[in-house]
file my_file_12.tsv (TSV, C-alpha atoms and all ligand atoms)
chain	number	residue	atom	x	y	z
A	232	MET	CA	9.36	-4.15	-48.76
A	233	LYS	CA	10.31	-7.77	-49.28
A	234	LYS	CA	7.39	-9.92	-50.23
A	235	SER	CA	9.10	-13.23	-49.70
A	236	GLU	CA	7.41	-15.17	-46.93
A	237	ILE	CA	9.55	-16.83	-44.33
A	238	SER	CA	8.09	-20.13	-43.22
A	239	PHE	CA	8.05	-21.20	-39.58
A	240	ASP	CA	7.10	-24.75	-40.55
A	241	SER	CA	10.50	-26.17	-39.69
A	242	ILE	CA	9.67	-25.63	-36.00
A	243	PRO	CA	7.46	-28.26	-34.30
A	244	GLY	CA	4.00	-26.83	-33.72
A	245	SER	CA	4.01	-27.79	-30.04
A	246	ALA	CA	6.87	-25.33	-29.48
A	247	VAL	CA	5.19	-22.39	-31.18
A	248	SER	CA	2.62	-19.99	-29.81
A	249	GLU	CA	1.25	-17.07	-31.78
A	250	THR	CA	-0.33	-13.85	-30.63
A	251	THR	CA	-1.94	-11.17	-32.75
A	252	LEU	CA	-1.89	-7.68	-31.31
A	253	GLU	CA	-3.83	-4.82	-32.84
A	254	ILE	CA	-2.78	-1.21	-32.99
A	255	CYS	CA	-4.99	1.77	-33.75
A	256	LEU	CA	-3.10	3.97	-36.21
A	257	LYS	CA	-5.38	6.90	-35.50
A	258	CYS	CA	-4.39	6.80	-31.82
A	259	ALA	CA	-0.76	6.32	-32.81
A	260	PHE	CA	-0.68	9.24	-35.28
A	261	ASP	CA	-2.69	11.50	-32.97
A	262	PHE	CA	-0.18	10.91	-30.20
A	263	PHE	CA	2.59	12.37	-32.35
A	264	THR	CA	0.73	15.01	-34.32
A	265	LYS	CA	-1.71	16.28	-31.68
A	266	GLN	CA	-0.02	15.66	-28.35
A	267	LEU	CA	3.59	16.14	-29.37
A	268	LYS	CA	2.74	18.55	-32.25
A	269	ILE	CA	5.03	16.75	-34.61
A	270	ALA	CA	4.58	16.92	-38.39
A	271	PRO	CA	2.91	13.86	-39.99
A	272	ARG	CA	6.02	13.08	-42.01
A	273	THR	CA	8.18	12.84	-38.87
A	274	ALA	CA	5.45	10.95	-37.07
A	275	TYR	CA	5.45	8.47	-39.92
A	276	SER	CA	9.18	7.90	-39.79
A	277	GLU	CA	9.02	7.46	-35.99
A	278	LEU	CA	6.12	5.04	-36.26
A	279	LYS	CA	7.94	2.96	-38.85
A	280	LYS	CA	10.37	1.98	-36.12
A	281	HIS	CA	7.69	0.94	-33.69
A	282	VAL	CA	7.66	-2.58	-32.22
A	283	PRO	CA	5.39	-3.49	-29.30
A	284	GLU	CA	7.04	-5.01	-26.24
A	285	GLU	CA	6.67	-8.55	-24.95
A	286	THR	CA	4.39	-7.31	-22.17
A	287	ASP	CA	2.02	-5.90	-24.81
A	288	PHE	CA	1.77	-9.30	-26.45
A	289	THR	CA	1.34	-11.25	-23.22
A	290	GLY	CA	-1.37	-8.88	-22.01
A	291	ALA	CA	0.68	-8.07	-18.90
A	292	SER	CA	0.61	-4.35	-19.74
A	293	THR	CA	-1.21	-3.86	-23.01
A	294	ALA	CA	-2.01	-0.17	-23.35
A	295	ARG	CA	-3.08	2.47	-25.85
A	296	PRO	CA	-2.68	2.29	-28.82
A	297	HIS	CA	-2.48	-1.52	-28.54
A	298	PHE	CA	-5.35	-3.87	-27.90
A	299	PHE	CA	-6.56	-7.40	-28.55
A	300	ASP	CA	-9.36	-7.94	-30.97
A	301	GLU	CA	-10.80	-11.32	-30.09
A	302	GLU	CA	-14.42	-10.35	-30.72
A	303	GLY	CA	-13.87	-8.52	-34.00
A	304	LEU	CA	-14.30	-4.93	-32.83
A	305	SER	CA	-15.71	-2.40	-35.28
A	306	HIS	CA	-14.18	0.60	-33.50
A	307	CYS	CA	-11.04	1.42	-31.54
A	308	PRO	CA	-11.60	0.89	-27.79
A	309	TYR	CA	-9.67	4.13	-27.05
A	310	CYS	CA	-10.63	6.72	-29.67
A	311	ASN	CA	-13.62	5.03	-31.30
A	312	GLY	CA	-11.84	5.28	-34.67
A	313	ALA	CA	-13.16	3.01	-37.41
A	314	LYS	CA	-11.78	-0.42	-38.18
A	315	ARG	CA	-9.85	0.83	-41.21
A	316	TRP	CA	-7.36	2.38	-38.74
A	317	PHE	CA	-6.51	-1.03	-37.29
A	318	ALA	CA	-3.26	-2.78	-38.10
A	319	GLU	CA	-1.77	-5.89	-36.62
A	320	PHE	CA	1.44	-7.34	-35.32
A	321	ARG	CA	1.90	-11.06	-35.19
A	322	ALA	CA	4.26	-12.39	-32.52
A	323	VAL	CA	5.57	-15.91	-32.90
A	324	ARG	CA	7.04	-17.30	-29.73
A	325	ILE	CA	9.25	-20.36	-29.85
A	326	ASP	CA	10.09	-22.38	-26.77
A	327	ALA	CA	13.39	-23.76	-28.00
A	328	HIS	CA	14.54	-27.29	-27.39
A	329	PRO	CA	17.91	-28.82	-28.31
A	330	SER	CA	16.13	-31.35	-30.54
A	331	PHE	CA	15.29	-28.70	-33.16
A	332	GLU	CA	17.88	-26.04	-32.41
A	333	LYS	CA	19.52	-26.44	-35.80
A	334	GLY	CA	16.28	-25.58	-37.60
A	335	ARG	CA	15.62	-22.71	-35.23
A	336	LYS	CA	19.05	-21.18	-35.90
A	337	LYS	CA	18.53	-21.46	-39.64
A	338	LEU	CA	15.17	-19.75	-39.36
A	339	TRP	CA	16.67	-16.98	-37.23
A	340	ALA	CA	19.38	-16.36	-39.77
A	341	ALA	CA	16.67	-15.86	-42.41
A	342	LEU	CA	14.70	-13.53	-40.13
A	343	LYS	CA	17.78	-11.42	-39.45
A	344	LYS	CA	18.09	-10.77	-43.17
A	345	ALA	CA	14.51	-9.53	-43.23
A	346	SER	CA	14.90	-7.15	-40.31
A	347	ASP	CA	12.71	-4.50	-41.97
A	348	ARG	CA	9.77	-6.83	-41.55
A	349	TYR	CA	10.71	-9.04	-38.60
A	350	THR	CA	11.95	-7.97	-35.20
A	351	ILE	CA	13.50	-10.74	-33.17
A	352	TRP	CA	14.44	-10.97	-29.55
A	353	SER	CA	15.18	-13.53	-26.89
A	354	PRO	CA	14.08	-12.67	-23.36
A	355	GLU	CA	15.98	-14.13	-20.40
A	356	ARG	CA	14.13	-17.13	-19.02
A	357	ASN	CA	15.05	-20.15	-16.99
A	358	LYS	CA	13.49	-23.55	-17.59
A	359	MET	CA	11.09	-23.21	-14.68
A	360	GLN	CA	9.76	-19.87	-15.98
A	361	ILE	CA	9.29	-21.32	-19.46
A	362	PHE	CA	7.38	-24.24	-18.00
A	363	SER	CA	5.15	-22.01	-15.84
A	364	GLU	CA	4.35	-19.75	-18.78
A	365	TRP	CA	3.43	-22.77	-20.86
A	366	LEU	CA	1.06	-23.93	-18.11
A	367	GLU	CA	-0.49	-20.45	-17.97
A	368	ARG	CA	-1.10	-20.41	-21.71
A	369	LEU	CA	-2.70	-23.84	-21.53
A	370	LYS	CA	-4.86	-22.80	-18.60
A	371	ARG	CA	-6.23	-19.82	-20.50
A	372	ARG	CA	-7.24	-22.11	-23.37
A	373	ILE	CA	-8.87	-24.86	-21.36
A	374	ASP	CA	-12.52	-25.21	-20.54
A	375	PHE	CA	-12.49	-27.07	-17.23
A	376	ASP	CA	-16.23	-27.66	-17.49
A	377	ASP	CA	-15.71	-29.85	-20.51
A	378	ASP	CA	-14.05	-33.15	-19.57
A	379	ARG	CA	-12.26	-33.31	-22.89
A	380	TRP	CA	-9.66	-30.98	-21.40
A	381	LEU	CA	-7.96	-33.95	-19.73
A	382	LEU	CA	-7.26	-35.60	-23.07
A	383	GLU	CA	-6.37	-32.31	-24.77
A	384	VAL	CA	-3.80	-31.47	-22.11
A	385	ALA	CA	-2.25	-34.96	-22.09
A	386	VAL	CA	-1.80	-34.93	-25.87
A	387	GLU	CA	-0.42	-31.40	-25.76
A	388	TYR	CA	2.14	-32.45	-23.16
A	389	ILE	CA	3.14	-35.59	-25.06
A	390	LYS	CA	3.75	-33.50	-28.21
A	391	ARG	CA	5.77	-31.01	-26.23
A	392	SER	CA	7.86	-33.68	-24.54
A	393	GLU	CA	8.87	-35.09	-27.92
A	394	PRO	CA	8.92	-32.10	-30.29
A	395	SER	CA	8.37	-33.23	-33.85
A	396	ASN	CA	6.93	-32.01	-37.12
A	397	GLU	CA	5.35	-35.41	-37.66
A	398	TRP	CA	2.67	-35.19	-34.95
A	399	GLY	CA	0.07	-33.63	-37.21
A	400	GLU	CA	0.37	-36.51	-39.65
A	401	ILE	CA	0.64	-39.26	-37.00
A	402	LEU	CA	-2.41	-38.08	-35.09
A	403	LYS	CA	-4.45	-36.91	-38.06
A	404	ASP	CA	-7.33	-39.26	-37.17
A	405	GLY	CA	-7.46	-37.87	-33.65
A	406	VAL	CA	-6.80	-39.30	-30.21
A	407	ARG	CA	-9.70	-40.90	-28.39
A	408	ARG	CA	-7.73	-42.17	-25.47
A	409	VAL	CA	-4.32	-41.96	-23.85
A	410	GLN	CA	-3.59	-45.38	-22.43
A	411	LEU	CA	-0.89	-46.42	-19.97
A	412	SER	CA	1.09	-49.31	-21.41
A	413	ARG	CA	4.12	-51.15	-20.13
A	414	GLN	CA	4.56	-52.82	-23.49
A	415	VAL	CA	5.44	-49.81	-25.65
A	416	GLU	CA	9.00	-50.04	-26.91
A	417	THR	CA	9.53	-46.32	-27.15
A	418	ASN	CA	7.72	-43.73	-25.05
A	419	TRP	CA	4.54	-43.93	-27.06
A	420	GLN	CA	2.71	-45.77	-29.81
A	421	TYR	CA	-0.40	-44.79	-31.73
A	422	GLU	CA	-2.99	-47.22	-32.96
A	423	ASP	CA	-6.60	-46.74	-34.03
A	424	GLY	CA	-7.18	-43.56	-32.09
A	425	TRP	CA	-5.43	-44.79	-28.98
A	426	LEU	CA	-2.16	-43.32	-27.86
A	427	TYR	CA	-0.31	-45.89	-25.75
A	428	VAL	CA	2.28	-44.31	-23.49
A	429	SER	CA	5.01	-45.49	-21.14
A	430	PRO	CA	4.63	-45.15	-17.35
A	431	ALA	CA	7.02	-42.17	-17.41
A	432	LEU	CA	4.98	-40.29	-20.00
A	433	TYR	CA	1.64	-41.28	-18.53
A	434	GLY	CA	2.76	-40.13	-15.08
A	435	ASP	CA	3.99	-36.83	-16.51
A	436	ALA	CA	0.56	-36.30	-18.07
A	437	LEU	CA	-1.13	-36.93	-14.71
A	438	MET	CA	1.23	-34.44	-13.09
A	439	ILE	CA	0.36	-31.76	-15.66
A	440	GLN	CA	-3.37	-32.37	-15.26
A	441	HIS	CA	-3.02	-32.11	-11.50
A	442	LEU	CA	-0.95	-28.91	-11.70
A	443	LEU	CA	-3.40	-27.25	-14.04
A	444	SER	CA	-6.55	-28.09	-12.15
A	445	ARG	CA	-5.44	-28.02	-8.53
A	446	SER	CA	-6.28	-24.36	-8.03
A	447	HIS	CA	-9.72	-24.87	-9.50
A	448	GLN	CA	-13.01	-25.50	-7.82
A	449	HIS	CA	-12.92	-29.23	-8.40
A	450	GLY	CA	-9.15	-29.34	-8.27
A	451	GLY	CA	-6.59	-32.06	-8.65
A	452	ARG	CA	-8.32	-33.78	-11.54
A	453	THR	CA	-6.53	-36.38	-13.65
A	454	PHE	CA	-7.25	-39.38	-15.91
A	455	GLU	CA	-7.30	-41.35	-12.66
A	456	GLY	CA	-10.01	-39.19	-11.13
A	457	ARG	CA	-9.80	-36.41	-8.60
A	458	LEU	CA	-6.75	-36.95	-6.42
A	459	THR	CA	-5.09	-35.30	-3.47
A	460	LEU	CA	-1.34	-34.88	-3.76
A	461	GLN	CA	-0.78	-37.94	-1.57
A	462	GLU	CA	-3.17	-40.03	-3.64
A	463	LEU	CA	-1.51	-38.88	-6.84
A	464	MET	CA	1.91	-39.88	-5.52
A	465	ARG	CA	0.59	-43.30	-4.47
A	466	ARG	CA	-0.86	-43.78	-7.94
A	467	LEU	CA	2.38	-42.76	-9.60
A	468	ARG	CA	4.37	-45.16	-7.46
A	469	ARG	CA	2.01	-47.98	-8.38
A	470	ILE	CA	2.35	-47.44	-12.10
A	471	GLY	CA	6.15	-47.46	-11.83
A	472	TYR	CA	6.58	-43.77	-12.57
A	473	PHE	CA	9.20	-43.03	-9.90
A	474	GLN	CA	11.25	-46.01	-10.90
A	475	ALA	CA	11.08	-45.05	-14.58
A	476	LYS	CA	12.11	-41.47	-13.80
A	477	GLY	CA	14.78	-42.36	-11.25
A	478	ILE	CA	13.00	-40.52	-8.46
A	479	ASP	CA	13.94	-41.55	-4.97
A	480	ALA	CA	12.34	-39.45	-2.25
A	481	SER	CA	11.28	-40.01	1.33
A	482	ASP	CA	7.86	-38.33	1.33
A	483	PRO	CA	5.10	-37.36	-1.11
A	484	PHE	CA	6.06	-33.68	-1.16
A	485	GLU	CA	9.63	-34.46	-2.06
A	486	GLU	CA	8.41	-36.89	-4.71
A	487	PHE	CA	6.17	-34.20	-6.13
A	488	GLU	CA	9.04	-31.71	-6.23
A	489	GLN	CA	11.38	-34.14	-7.90
A	490	ALA	CA	8.72	-35.08	-10.43
A	491	ILE	CA	8.26	-31.43	-11.40
A	492	ALA	CA	12.01	-30.89	-11.52
A	493	GLY	CA	12.30	-33.82	-13.93
A	494	ILE	CA	9.59	-32.49	-16.22
A	495	VAL	CA	11.04	-28.97	-16.18
A	496	ASP	CA	14.58	-30.16	-16.76
A	497	SER	CA	13.69	-32.15	-19.87
A	498	GLY	CA	11.73	-29.22	-21.30
A	499	PRO	CA	12.60	-26.18	-23.43
A	500	SER	CA	15.57	-24.11	-22.37
A	501	ALA	CA	15.21	-20.77	-24.15
A	502	VAL	CA	12.55	-18.47	-25.56
A	503	TYR	CA	12.66	-16.67	-28.90
A	504	TYR	CA	10.26	-14.13	-30.34
A	505	ALA	CA	9.80	-13.01	-33.90
A	506	VAL	CA	7.41	-10.14	-34.47
A	507	ASP	CA	6.03	-9.88	-37.98
A	508	ARG	CA	5.35	-6.22	-38.80
A	509	ASN	CA	4.24	-6.71	-42.38
A	510	ASN	CA	0.58	-5.81	-41.93
A	511	TYR	CA	1.47	-2.89	-39.68
A	512	LEU	CA	3.98	-1.35	-42.08
A	513	GLU	CA	1.63	-1.65	-45.06
A	514	LYS	CA	-1.33	-0.11	-43.25
A	515	LEU	CA	0.86	2.59	-41.75
A	516	LYS	CA	2.10	3.56	-45.19
A	517	SER	CA	-1.36	3.73	-46.71
A	518	VAL	CA	-2.75	5.73	-43.76
A	519	TYR	CA	0.17	8.15	-44.02
A	520	GLU	CA	-0.20	8.58	-47.77
A	521	LYS	CA	-3.88	9.40	-47.37
A	522	LYS	CA	-3.08	11.93	-44.66
A	523	ARG	CA	-0.35	13.52	-46.81
A	524	ASP	CA	-2.49	13.72	-49.94
A	525	LYS	CA	-5.39	15.40	-48.19
B	601	ZN	ZN	-7.78	4.65	-31.60
call {"tool": "encode", "arguments": {"input": "my_file_12.tsv", "output": "structure tokens"}}
result
Amino acid sequence: MKKSEISFDSIPGSAVSETTLEICLKCAFDFFTKQLKIAPRTAYSELKKHVPEETDFTGASTARPHFFDEEGLSHCPYCNGAKRWFAEFRAVRIDAHPSFEKGRKKLWAALKKASDRYTIWSPERNKMQIFSEWLERLKRRIDFDDDRWLLEVAVEYIKRSEPSNEWGEILKDGVRRVQLSRQVETNWQYEDGWLYVSPALYGDALMIQHLLSRSHQHGGRTFEGRLTLQELMRRLRRIGYFQAKGIDASDPFEEFEQAIAGIVDSGPSAVYYAVDRNNYLEKLKSVYEKKRDK
């Protein structure tokens, strides 16, 4: 197996999400050798081809022999096998954006050459689906009881709206505040822990905060406090958001819809997955060799 590591660093971090999925090799081998009565050698060559599906990684239909190991399990949740039977797959999802498509293509060309280790695929998605999935991932990460989520989400959105590899360096001292500014020459400017943003970007951040929290107990929360949809639209109009985004609608609901459409339209347009099977293949081999040598 190739040992050369392929680096994903050329892709802006805001566009990448990683998931680690565990597999129990005892469950996997037993399925072939005990249920299907297949010889270990054949089981091994079948298992070498195995790649979990997207729905395993998203948790939509994660089933035996796959599982997530967030708490550091000591035994398989299905067969109670010991930890030494565990192996992992790492899925790297990229929400592609034209601004770094060149780098993404280059990376994919490298992955294709290492197809023994990496499996790549690109599921069909439209921009709205990509946006909704991004919101879902954020929602799972957020602690709505801790007010810092407002800042965290705003910064996350700002990074996503302008994908760049420089963000880590620019914001290395942290962001204490996201501040609306009509003076910034570009969309944003960072100074002493404050991130000054244009009305368009600030309004987008309020929209995202509202979307994320509206279904929650104390819903509709933003930097500007807890707002109904009508109040949010009034606020956005006042800060010059609609003008900046070229939104011209007759009522708050239409404004809301157009605002979302604008955010979605400027966002990522395709999804790519690379599944790293390195750990899995190595563990599989060593488990098989032990079985064979018994
Ligand atoms: Zn198991």
call {"tool": "closest_residue", "arguments": {"input": "my_file_12.tsv", "among": "A:Leu267, A:Ala327, A:Cys258, A:Leu252", "to": "ligand ZN 601 (chain B)", "atoms": "all atoms listed in the file"}}
result
A:Cys258
call {"tool": "residues_near_ligand", "arguments": {"input": "my_file_12.tsv", "ligand": "ligand ZN 601 (chain B)", "cutoff": "10 Å", "atoms": "all atoms listed in the file", "output": "NGL selection string"}}
result
:A and (254-262 or 295-298 or 306-314 or 316-317)
call {"tool": "atom_distance", "arguments": {"input": "my_file_12.tsv", "atom1": "atom CA of A:Asn510", "atom2": "atom CA of A:Pro271"}}
result
19.9 Å
call {"tool": "atom_distance", "arguments": {"input": "my_file_12.tsv", "atom1": "atom CA of A:Glu332", "atom2": "atom CA of A:Gly498"}}
result
13.1 Å
call {"tool": "atom_distance", "arguments": {"input": "my_file_12.tsv", "atom1": "atom CA of A:Leu467", "atom2": "atom CA of A:Asp435"}}
result
9.2 Å
call {"tool": "residues_near_point", "arguments": {"input": "my_file_12.tsv", "point": "(-5.8, -29.5, -27.9)", "cutoff": "12 Å", "atoms": "all atoms listed in the file", "output": "NGL selection string"}}
result
:A and (244-245 or 368-370 or 372-374 or 379-391 or 399 or 402 or 405-406)
call {"tool": "residues_around", "arguments": {"input": "my_file_12.tsv", "residues": "A:Ala322", "least_positions_apart": "6", "cutoff": "10 Å", "atoms": "only C-alpha atoms", "output": "PyMOL selection string"}}
result
chain A and resi 248-252+283+285+288-289+349-351+504-508
call {"tool": "closest_residue", "arguments": {"input": "my_file_12.tsv", "among": "A:Glu400, A:Gly303, A:Gln360, A:Ser444", "to": "A:Arg457", "atoms": "only C-alpha atoms"}}
result
A:Ser444
call {"tool": "closest_residue", "arguments": {"input": "my_file_12.tsv", "among": "A:Arg348, A:Asn509, A:Tyr433, A:Leu443", "to": "A:Phe362", "atoms": "all atoms listed in the file"}}
result
A:Leu443
call {"tool": "axis_aligned_box", "arguments": {"input": "my_file_12.tsv", "around": "stretch 335-354 of chain A", "padding_each_side": "4 Å", "output": "AutoDock Vina command-line options"}}
result
--center_x 14.6 --center_y -13.6 --center_z -33.3 --size_x 17.6 --size_y 26.2 --size_z 27.9
call {"tool": "residues_around", "arguments": {"input": "my_file_12.tsv", "residues": "A:Lys336", "least_positions_apart": "6", "cutoff": "12 Å", "atoms": "only C-alpha atoms", "output": "count of residues only"}}
result
11
call {"tool": "closest_residue", "arguments": {"input": "my_file_12.tsv", "among": "A:Ala475, A:Gln410, A:Ile494, A:Arg465", "to": "A:Met438", "atoms": "all atoms listed in the file"}}
result
A:Ile494
call {"tool": "closest_residue", "arguments": {"input": "my_file_12.tsv", "among": "A:Glu236, A:Glu520, A:Asp482, A:Glu364", "to": "A:Arg324", "atoms": "all atoms listed in the file"}}
result
A:Glu364
call {"tool": "decode", "arguments": {"input": "my_file_12.tsv", "residues": "stretch 493-522 of chain A", "atoms": "N, CA and C atoms", "output": "compact mmCIF listing (two decimals), in the first residue's frame"}}
result
# COMPACT_ATOMS: atom_id res chain seq x y z
N GLY A 493 -30.61 34.50 -2.02
CA GLY A 493 -29.33 35.17 -2.27
C GLY A 493 -28.18 34.45 -1.59
N ILE A 494 -28.41 34.07 -0.34
CA ILE A 494 -27.36 33.37 0.42
C ILE A 494 -27.04 32.02 -0.24
N VAL A 495 -28.10 31.30 -0.58
CA VAL A 495 -27.94 29.97 -1.18
C VAL A 495 -27.22 30.07 -2.52
N ASP A 496 -27.63 31.05 -3.31
CA ASP A 496 -27.08 31.18 -4.66
C ASP A 496 -25.59 31.50 -4.67
N SER A 497 -25.14 32.24 -3.66
CA SER A 497 -23.71 32.59 -3.63
C SER A 497 -22.87 31.49 -2.97
N GLY A 498 -23.53 30.44 -2.51
CA GLY A 498 -22.84 29.38 -1.77
C GLY A 498 -22.29 28.27 -2.65
N PRO A 499 -21.80 27.19 -2.01
CA PRO A 499 -21.23 26.06 -2.73
C PRO A 499 -22.22 25.43 -3.70
N SER A 500 -21.67 24.83 -4.77
CA SER A 500 -22.54 24.32 -5.81
C SER A 500 -22.42 22.82 -6.05
N ALA A 501 -21.50 22.17 -5.38
CA ALA A 501 -21.35 20.72 -5.56
C ALA A 501 -20.72 20.11 -4.31
N VAL A 502 -20.95 18.81 -4.14
CA VAL A 502 -20.41 18.11 -2.97
C VAL A 502 -19.49 16.97 -3.43
N TYR A 503 -18.35 16.87 -2.80
CA TYR A 503 -17.42 15.78 -3.10
C TYR A 503 -17.03 15.06 -1.82
N TYR A 504 -16.92 13.75 -1.93
CA TYR A 504 -16.48 12.94 -0.79
C TYR A 504 -15.21 12.18 -1.14
N ALA A 505 -14.31 12.14 -0.20
CA ALA A 505 -13.16 11.23 -0.31
C ALA A 505 -13.15 10.39 0.96
N VAL A 506 -13.17 9.08 0.79
CA VAL A 506 -13.13 8.21 1.96
C VAL A 506 -11.75 7.57 2.05
N ASP A 507 -11.10 7.86 3.15
CA ASP A 507 -9.75 7.32 3.38
C ASP A 507 -9.89 5.96 4.07
N ARG A 508 -9.41 4.91 3.39
CA ARG A 508 -9.57 3.55 3.92
C ARG A 508 -8.26 3.00 4.50
N ASN A 509 -7.30 3.86 4.69
CA ASN A 509 -5.98 3.39 5.12
C ASN A 509 -6.02 2.56 6.41
N ASN A 510 -6.60 3.13 7.44
CA ASN A 510 -6.66 2.44 8.73
C ASN A 510 -7.43 1.11 8.59
N TYR A 511 -8.52 1.16 7.88
CA TYR A 511 -9.35 -0.03 7.67
C TYR A 511 -8.56 -1.15 7.00
N LEU A 512 -7.89 -0.82 5.90
CA LEU A 512 -7.17 -1.85 5.15
C LEU A 512 -6.03 -2.46 5.95
N GLU A 513 -5.35 -1.62 6.73
CA GLU A 513 -4.25 -2.14 7.56
C GLU A 513 -4.74 -3.07 8.66
N LYS A 514 -5.80 -2.65 9.34
CA LYS A 514 -6.36 -3.47 10.41
C LYS A 514 -6.95 -4.77 9.86
N LEU A 515 -7.61 -4.63 8.72
CA LEU A 515 -8.23 -5.80 8.09
C LEU A 515 -7.16 -6.85 7.78
N LYS A 516 -6.06 -6.39 7.24
CA LYS A 516 -4.97 -7.29 6.87
C LYS A 516 -4.42 -7.99 8.12
N SER A 517 -4.20 -7.22 9.16
CA SER A 517 -3.59 -7.84 10.34
C SER A 517 -4.58 -8.80 11.02
N VAL A 518 -5.85 -8.46 11.03
CA VAL A 518 -6.86 -9.37 11.60
C VAL A 518 -6.92 -10.67 10.77
N TYR A 519 -6.88 -10.51 9.45
CA TYR A 519 -6.93 -11.68 8.58
C TYR A 519 -5.71 -12.58 8.77
N GLU A 520 -4.55 -11.96 8.84
CA GLU A 520 -3.32 -12.75 9.00
C GLU A 520 -3.32 -13.52 10.32
N LYS A 521 -3.84 -12.92 11.36
CA LYS A 521 -3.94 -13.63 12.63
C LYS A 521 -4.89 -14.81 12.54
N LYS A 522 -6.02 -14.58 11.87
CA LYS A 522 -7.01 -15.65 11.68
C LYS A 522 -6.39 -16.81 10.91
